[in-house]
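Visitor: Data file target24.csv (CSV, C-alpha atoms) is appended below.
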```
chain,number,residue,atom,x,y,z
A,36,MET,CA,-33.7,-9.1,-23.7
A,37,GLY,CA,-35.1,-11.1,-20.8
A,38,CYS,CA,-36.7,-9.8,-17.7
A,39,CYS,CA,-36.0,-11.5,-14.3
A,40,TYR,CA,-38.4,-11.7,-11.3
A,41,THR,CA,-38.3,-13.6,-8.0
A,42,VAL,CA,-40.9,-15.7,-6.2
A,43,ALA,CA,-41.0,-16.2,-2.5
A,44,SER,CA,-40.4,-19.7,-1.0
A,45,ASP,CA,-44.0,-20.0,0.1
A,46,LYS,CA,-45.5,-18.9,-3.2
A,47,VAL,CA,-45.8,-20.0,-6.9
A,48,GLY,CA,-45.9,-17.4,-9.7
A,49,VAL,CA,-48.6,-17.6,-12.4
A,50,VAL,CA,-47.2,-16.7,-15.8
A,51,GLU,CA,-49.4,-15.9,-18.8
A,52,LYS,CA,-48.5,-15.5,-22.5
A,53,PHE,CA,-50.5,-13.0,-24.5
A,54,GLY,CA,-53.2,-13.2,-21.8
A,55,LYS,CA,-53.3,-17.0,-21.8
A,56,PHE,CA,-52.0,-19.2,-19.0
A,57,SER,CA,-48.5,-20.4,-19.8
A,58,HIS,CA,-46.9,-22.0,-16.8
A,59,PHE,CA,-46.2,-21.6,-13.0
A,60,GLY,CA,-43.0,-19.9,-11.9
A,61,PRO,CA,-41.3,-21.9,-9.0
A,62,PRO,CA,-39.8,-20.1,-5.9
A,63,GLY,CA,-36.6,-18.3,-6.6
A,64,LEU,CA,-35.3,-16.4,-9.6
A,65,ASN,CA,-37.2,-16.7,-12.9
A,66,CYS,CA,-36.8,-15.1,-16.3
A,67,ILE,CA,-39.4,-14.2,-18.9
A,68,LEU,CA,-39.5,-12.3,-22.2
A,69,PRO,CA,-41.2,-8.9,-21.6
A,70,GLY,CA,-44.1,-8.1,-23.9
A,71,ILE,CA,-44.8,-11.8,-24.5
A,72,TYR,CA,-45.0,-13.2,-20.9
A,73,TYR,CA,-46.8,-11.5,-18.1
A,74,ILE,CA,-46.8,-12.2,-14.3
A,75,ALA,CA,-50.6,-12.6,-13.7
A,76,GLY,CA,-50.2,-13.2,-9.9
A,77,GLU,CA,-49.0,-15.5,-7.2
A,78,ILE,CA,-50.5,-18.5,-5.4
A,79,SER,CA,-49.6,-19.1,-1.7
A,80,ASN,CA,-48.6,-22.6,-0.6
A,81,ARG,CA,-49.2,-21.8,3.1
A,82,VAL,CA,-52.1,-23.2,5.2
A,83,GLN,CA,-54.5,-20.4,5.5
A,84,GLN,CA,-57.2,-19.7,8.1
A,85,LEU,CA,-60.6,-18.2,7.7
A,86,ASP,CA,-62.7,-17.2,10.8
A,87,VAL,CA,-66.5,-17.0,10.2
A,88,LYS,CA,-69.2,-15.8,12.6
A,89,CYS,CA,-72.7,-16.6,11.6
A,90,GLU,CA,-76.1,-16.5,13.3
A,91,SER,CA,-78.8,-19.2,13.3
A,92,LYS,CA,-81.9,-20.3,15.2
A,93,THR,CA,-82.0,-23.6,17.1
A,94,HIS,CA,-84.9,-26.0,17.1
A,95,ASP,CA,-86.3,-24.5,20.3
A,96,ASP,CA,-86.3,-21.0,18.8
A,97,VAL,CA,-83.1,-19.6,20.4
A,98,PHE,CA,-80.8,-17.4,18.3
A,99,VAL,CA,-77.1,-18.2,18.6
A,100,HIS,CA,-73.9,-16.9,17.1
A,101,VAL,CA,-71.6,-19.7,16.0
A,102,GLY,CA,-67.9,-19.1,15.5
A,103,VAL,CA,-66.3,-21.3,12.9
A,104,THR,CA,-62.6,-21.6,12.0
A,105,ILE,CA,-61.6,-23.1,8.6
A,106,GLN,CA,-58.0,-24.1,7.8
A,107,TYR,CA,-57.4,-24.7,4.1
A,108,ALA,CA,-54.6,-24.9,1.5
A,109,ILE,CA,-54.3,-25.1,-2.3
A,110,LEU,CA,-53.9,-28.5,-3.9
A,111,GLN,CA,-50.6,-28.6,-5.8
A,112,GLU,CA,-52.2,-30.6,-8.7
A,113,LYS,CA,-55.1,-28.1,-9.0
A,114,MET,CA,-53.3,-24.7,-8.8
A,115,TYR,CA,-54.8,-23.7,-12.1
A,116,GLN,CA,-58.4,-24.2,-10.9
A,117,ALA,CA,-57.5,-22.4,-7.6
A,118,PHE,CA,-56.3,-19.3,-9.5
A,119,TYR,CA,-58.7,-19.1,-12.4
A,120,ARG,CA,-62.0,-20.7,-11.2
A,121,LEU,CA,-62.9,-18.5,-8.2
A,122,GLU,CA,-62.8,-14.7,-8.0
A,123,ASN,CA,-62.8,-14.7,-4.2
A,124,PRO,CA,-62.2,-18.1,-2.6
A,125,ARG,CA,-62.6,-16.8,1.0
A,126,GLU,CA,-66.0,-15.3,0.2
A,127,GLN,CA,-67.0,-18.6,-1.4
A,128,ILE,CA,-65.9,-20.6,1.7
A,129,ASN,CA,-67.7,-18.2,3.9
A,130,ALA,CA,-70.9,-18.7,2.0
A,131,TYR,CA,-70.7,-22.5,2.2
A,132,VAL,CA,-70.1,-22.2,6.0
A,133,TYR,CA,-73.2,-20.1,6.4
A,134,ASP,CA,-75.2,-22.6,4.3
A,135,VAL,CA,-74.1,-25.7,6.3
A,136,VAL,CA,-74.4,-24.1,9.8
A,137,ARG,CA,-77.9,-22.7,9.0
A,138,ALA,CA,-78.9,-26.2,7.9
A,139,GLU,CA,-77.5,-28.1,10.9
A,140,ILE,CA,-78.3,-25.8,13.9
A,141,PRO,CA,-82.1,-25.6,13.3
A,142,LYS,CA,-82.2,-29.4,13.8
A,143,LEU,CA,-80.9,-29.2,17.3
A,144,LYS,CA,-82.1,-27.8,20.6
A,145,LEU,CA,-79.8,-25.3,22.4
A,146,ASP,CA,-78.3,-27.8,24.8
A,147,ASP,CA,-77.7,-30.3,22.0
A,148,VAL,CA,-75.8,-27.6,20.0
A,149,PHE,CA,-73.1,-27.5,22.7
A,150,THR,CA,-72.9,-31.3,23.0
A,151,CYS,CA,-72.9,-31.9,19.2
A,152,LYS,CA,-70.5,-29.3,18.0
A,153,GLU,CA,-67.9,-31.9,17.0
A,154,GLU,CA,-70.6,-33.6,14.8
A,155,ILE,CA,-71.4,-30.2,13.2
A,156,ALA,CA,-67.7,-29.6,12.5
A,157,VAL,CA,-67.4,-33.0,10.9
A,158,ASN,CA,-70.4,-32.4,8.7
A,159,LEU,CA,-69.2,-29.0,7.7
A,160,LYS,CA,-65.7,-30.3,6.7
A,161,LYS,CA,-67.3,-33.1,4.7
A,162,ASP,CA,-69.5,-30.6,2.8
A,163,LEU,CA,-66.7,-28.1,2.2
A,164,ASP,CA,-64.3,-30.8,1.0
A,165,HIS,CA,-66.8,-32.0,-1.5
A,166,LYS,CA,-67.5,-28.5,-2.9
A,167,MET,CA,-64.0,-26.8,-2.7
A,168,THR,CA,-61.9,-29.7,-4.1
A,169,GLU,CA,-63.4,-28.9,-7.4
A,170,TYR,CA,-61.9,-25.4,-7.2
A,171,GLY,CA,-58.4,-26.7,-6.1
A,172,TYR,CA,-58.7,-26.2,-2.3
A,173,ASN,CA,-58.1,-28.8,0.4
A,174,ILE,CA,-60.0,-28.3,3.7
A,175,ILE,CA,-57.6,-29.3,6.3
A,176,GLN,CA,-59.6,-28.7,9.5
A,177,THR,CA,-62.9,-27.1,10.6
A,178,LEU,CA,-63.5,-26.1,14.2
A,179,ILE,CA,-66.5,-24.8,16.0
A,180,THR,CA,-64.8,-22.3,18.2
A,181,ASP,CA,-67.7,-20.5,19.8
A,182,ILE,CA,-71.4,-20.9,20.5
A,183,GLU,CA,-72.9,-17.8,22.0
A,184,PRO,CA,-76.6,-17.5,22.8
A,185,ASN,CA,-78.4,-14.3,23.4
A,186,GLN,CA,-77.3,-12.5,26.7
A,187,ARG,CA,-80.7,-13.1,28.3
A,188,VAL,CA,-80.6,-16.7,27.4
A,189,ARG,CA,-77.1,-17.1,28.8
A,190,HIS,CA,-78.3,-15.5,32.0
A,191,ALA,CA,-81.3,-17.8,32.2
A,192,MET,CA,-79.0,-20.8,31.7
A,193,ASN,CA,-76.7,-19.7,34.4
A,194,GLU,CA,-79.7,-19.2,36.8
A,195,ILE,CA,-80.9,-22.7,36.0
A,196,ASN,CA,-77.4,-24.2,36.6
A,197,ALA,CA,-77.1,-22.2,39.9
A,198,HIS,CA,-80.5,-23.4,41.2
A,199,ALA,CA,-79.7,-27.0,40.3
A,200,ARG,CA,-76.4,-26.8,42.2
A,201,LEU,CA,-78.1,-25.1,45.1
A,202,LEU,CA,-80.7,-27.9,45.2
A,203,LYS,CA,-78.0,-30.5,45.1
A,204,ALA,CA,-76.1,-28.8,47.9
A,205,THR,CA,-79.3,-28.6,50.0
A,206,GLU,CA,-80.0,-32.3,49.5
A,207,GLN,CA,-76.5,-33.2,50.5
A,208,LYS,CA,-76.7,-31.0,53.6
A,209,ALA,CA,-80.0,-32.5,54.6
A,210,GLU,CA,-78.5,-36.0,54.1
A,211,ALA,CA,-75.5,-35.0,56.3
A,212,ASP,CA,-77.8,-33.6,59.0
A,213,LYS,CA,-79.9,-36.8,58.9
A,214,MET,CA,-76.7,-38.9,59.3
A,215,LEU,CA,-75.6,-36.6,62.2
A,216,VAL,CA,-79.0,-37.0,64.0
A,217,ILE,CA,-78.8,-40.8,63.5
A,218,LYS,CA,-75.3,-40.9,64.8
A,219,ARG,CA,-76.2,-38.7,67.8
A,220,ALA,CA,-79.2,-40.8,68.6
A,221,THR,CA,-77.1,-44.0,68.3
A,222,ALA,CA,-74.5,-42.5,70.6
A,223,ASP,CA,-77.2,-41.4,73.2
A,224,ALA,CA,-78.7,-44.8,73.1
A,225,GLU,CA,-75.3,-46.5,73.7
A,226,SER,CA,-74.5,-44.0,76.4
A,227,MET,CA,-77.8,-44.7,78.2
A,228,ARG,CA,-77.3,-48.4,77.8
A,229,LEU,CA,-73.8,-48.2,79.4
A,230,ALA,CA,-75.1,-45.9,82.1
A,231,GLY,CA,-77.9,-48.4,82.9
A,232,GLU,CA,-75.4,-51.2,83.0
A,233,GLY,CA,-73.2,-49.1,85.4
A,234,VAL,CA,-76.1,-48.4,87.7
A,235,ALA,CA,-77.1,-52.1,87.7
A,236,ARG,CA,-73.5,-53.1,88.5
A,237,GLN,CA,-73.4,-50.4,91.2
A,238,ARG,CA,-76.6,-51.7,92.8
A,239,GLN,CA,-75.4,-55.3,92.6
A,240,ALA,CA,-72.2,-54.3,94.3
A,241,ILE,CA,-74.1,-52.6,97.1
A,242,ILE,CA,-76.3,-55.6,97.5
A,243,ASP,CA,-73.3,-57.9,97.6
A,244,GLY,CA,-71.6,-55.6,100.1
A,245,LEU,CA,-74.6,-55.5,102.4
A,246,LYS,CA,-75.0,-59.2,102.2
A,247,GLY,CA,-71.4,-59.7,103.2
A,248,SER,CA,-71.8,-57.2,106.1
A,249,VAL,CA,-74.9,-58.9,107.4
A,250,THR,CA,-73.2,-62.3,107.3
A,251,SER,CA,-70.1,-61.1,109.1
A,252,PHE,CA,-72.1,-59.2,111.7
A,253,GLN,CA,-74.3,-62.3,112.5
A,254,GLU,CA,-71.2,-64.5,112.8
A,255,ALA,CA,-69.7,-62.0,115.3
A,256,ILE,CA,-72.8,-61.4,117.3
A,257,LYS,CA,-74.8,-64.5,117.6
A,258,ASP,CA,-78.1,-63.0,118.9
A,259,SER,CA,-78.4,-60.3,116.2
A,260,THR,CA,-80.9,-60.5,113.4
A,261,SER,CA,-80.5,-59.4,109.8
A,262,THR,CA,-82.9,-56.5,110.5
A,263,ASP,CA,-80.6,-55.3,113.3
A,264,VAL,CA,-77.6,-55.4,110.9
A,265,MET,CA,-79.4,-53.6,108.1
A,266,GLU,CA,-80.5,-50.8,110.5
A,267,LEU,CA,-76.9,-50.4,111.7
A,268,VAL,CA,-75.6,-50.3,108.2
A,269,LEU,CA,-78.2,-47.8,107.0
A,270,ILE,CA,-77.6,-45.4,109.9
A,271,THR,CA,-73.9,-45.7,109.4
A,272,GLN,CA,-74.3,-44.7,105.8
A,273,TYR,CA,-76.6,-41.8,106.8
A,274,PHE,CA,-73.9,-40.4,109.1
A,275,ASP,CA,-71.3,-40.9,106.4
A,276,THR,CA,-73.5,-38.8,104.1
A,277,LEU,CA,-73.8,-36.0,106.7
A,278,LYS,CA,-70.0,-36.1,107.0
A,279,GLU,CA,-69.5,-35.8,103.2
A,280,VAL,CA,-72.0,-32.9,103.0
A,281,GLY,CA,-70.3,-31.0,105.8
A,282,ALA,CA,-66.8,-31.6,104.4
A,283,ALA,CA,-67.5,-30.4,100.9
A,284,THR,CA,-65.7,-27.0,100.2
A,285,GLN,CA,-68.1,-25.6,97.6
A,286,ASN,CA,-71.4,-26.9,99.0
A,287,ARG,CA,-74.2,-24.6,99.8
A,288,THR,CA,-75.8,-24.7,103.3
A,289,VAL,CA,-78.2,-27.6,103.7
A,290,PHE,CA,-80.8,-27.5,106.5
A,291,MET,CA,-81.9,-30.9,107.7
A,292,PRO,CA,-84.2,-31.7,110.7
A,293,HIS,CA,-81.9,-33.7,112.9
A,294,ALA,CA,-81.7,-34.6,116.6
A,295,PRO,CA,-80.3,-37.6,118.4
A,296,SER,CA,-83.7,-38.3,120.0
A,297,ASN,CA,-85.2,-38.7,116.5
A,298,LEU,CA,-82.9,-41.6,115.4
A,299,ASP,CA,-85.9,-44.0,115.2
A,300,GLU,CA,-87.7,-41.6,112.9
A,301,ILE,CA,-84.6,-41.1,110.8
A,302,MET,CA,-84.1,-44.9,110.6
A,303,ARG,CA,-87.8,-45.3,109.5
A,304,GLN,CA,-87.3,-42.6,106.8
A,305,ILE,CA,-84.1,-44.2,105.5
A,306,LYS,CA,-85.7,-47.6,105.4
A,307,GLY,CA,-88.6,-46.2,103.6
A,308,GLY,CA,-86.3,-44.5,101.0
A,309,PHE,CA,-84.1,-47.6,100.4
A,310,MET,CA,-86.6,-50.4,100.7
```
Mind turning this structure into structure tokens?

Guide:
Amino acid sequence: MGCCYTVASDKVGVVEKFGKFSHFGPPGLNCILPGIYYIAGEISNRVQQLDVKCESKTHDDVFVHVGVTIQYAILQEKMYQAFYRLENPREQINAYVYDVVRAEIPKLKLDDVFTCKEEIAVNLKKDLDHKMTEYGYNIIQTLITDIEPNQRVRHAMNEINAHARLLKATEQKAEADKMLVIKRATADAESMRLAGEGVARQRQAIIDGLKGSVTSFQEAIKDSTSTDVMELVLITQYFDTLKEVGAATQNRTVFMPHAPSNLDEIMRQIKGGFM
């Protein structure tokens, strides 16, 4: 009388006859003769994952913990080897990972470990493929998922990075301040140039105005000289200035020595100030 058993869709049953391998039982319902055939176990067809954490020392004597993820599956044509050759395949893969990582990491300095992790993963996959194919396992992917130095080393690396960024920020600020000073100096120079041109034009306009006044006065009064005209113009401007000072609303009190009898002295002082 036969005995029936079922195998899940993601597995294959291993059937033995009198303790010797007989055949693989496919997914679904299977029947065997009890006492002659025996279900020795099952093999999973799923992709499996193994996470390994190992410690190693870099070329510059820094201890790091390296996290490795291995994705693997059983080769359909080598299911016999996968079931019978290894007692514990996960432990075997774990040992190979330790061996490769501890051979690769000491060749590199700490900074290079971070930049070369893809290269380490490729070398690890190549080595595992070579060794595990013999036992019926296909290494699908290897990933370096974590590189963790000692806490004090991480703190030192962060300090170095922070100081480097601070130095860069200081250099950029100094460059910005330098450009600001240059721009301000350029603007001041341009302002002074324009102010100088304005004063020059103002003086030229005054000279042209005085010249026109002298010419008109001499044409109107034939016996007058240019000195007479200039004195009249200057004294007129002097009185206009007194008028403006007196009419200003927010002006402070200004005391000036002034008397009609001193007009000659005033004229002399004005001429001395203008000429």

Visitor: What is the distance, in Å and to one decimal place, between atom CA of A:Val42 and atom CA of A:Pro62?

Guide: 4.5 Å

Visitor: I'd like the interatomic distance between atom CA of A:Phe56 and atom CA of A:Cys39, to a tenth of an Å.

Guide: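 Separation between atom CA of A:Phe56 and atom CA of A:Cys39: 18.4 Å.
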
Visitor: Can you tell me how far atom CA of A:Thr276 sits from atom CA of A:Glu232, in Å to one decimal?

Guide: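 Answer for the atom CA of A:Thr276 to atom CA of A:Glu232 separation: 24.5 Å.
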
Visitor: Between A:Tyr115, A:Tyr73, A:Phe149, A:Tyr131, which has the minimum distance to A:Val101 (counting all atoms listed in the file)?

Guide: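 Result for the nearest residue to A:Val101: A:Phe149.
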
Visitor: Could you name the residues that touch A:Thr180 at 8 Å or less, counting all atoms listed in the file, but leaving out those on the same chain fewer than 4 positions away, as a PyMOL selection string?

Guide: chain A and resi 101-104

Visitor: Taking all atoms listed in the file into account, which of A:Arg125, A:Leu145, A:Ser79, A:Lys55 comes nearest A:His94?

Guide: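 Checking each of A:Arg125, A:Leu145, A:Ser79, A:Lys55 against A:His94, counting all atoms listed in the file, the winner is A:Leu145.
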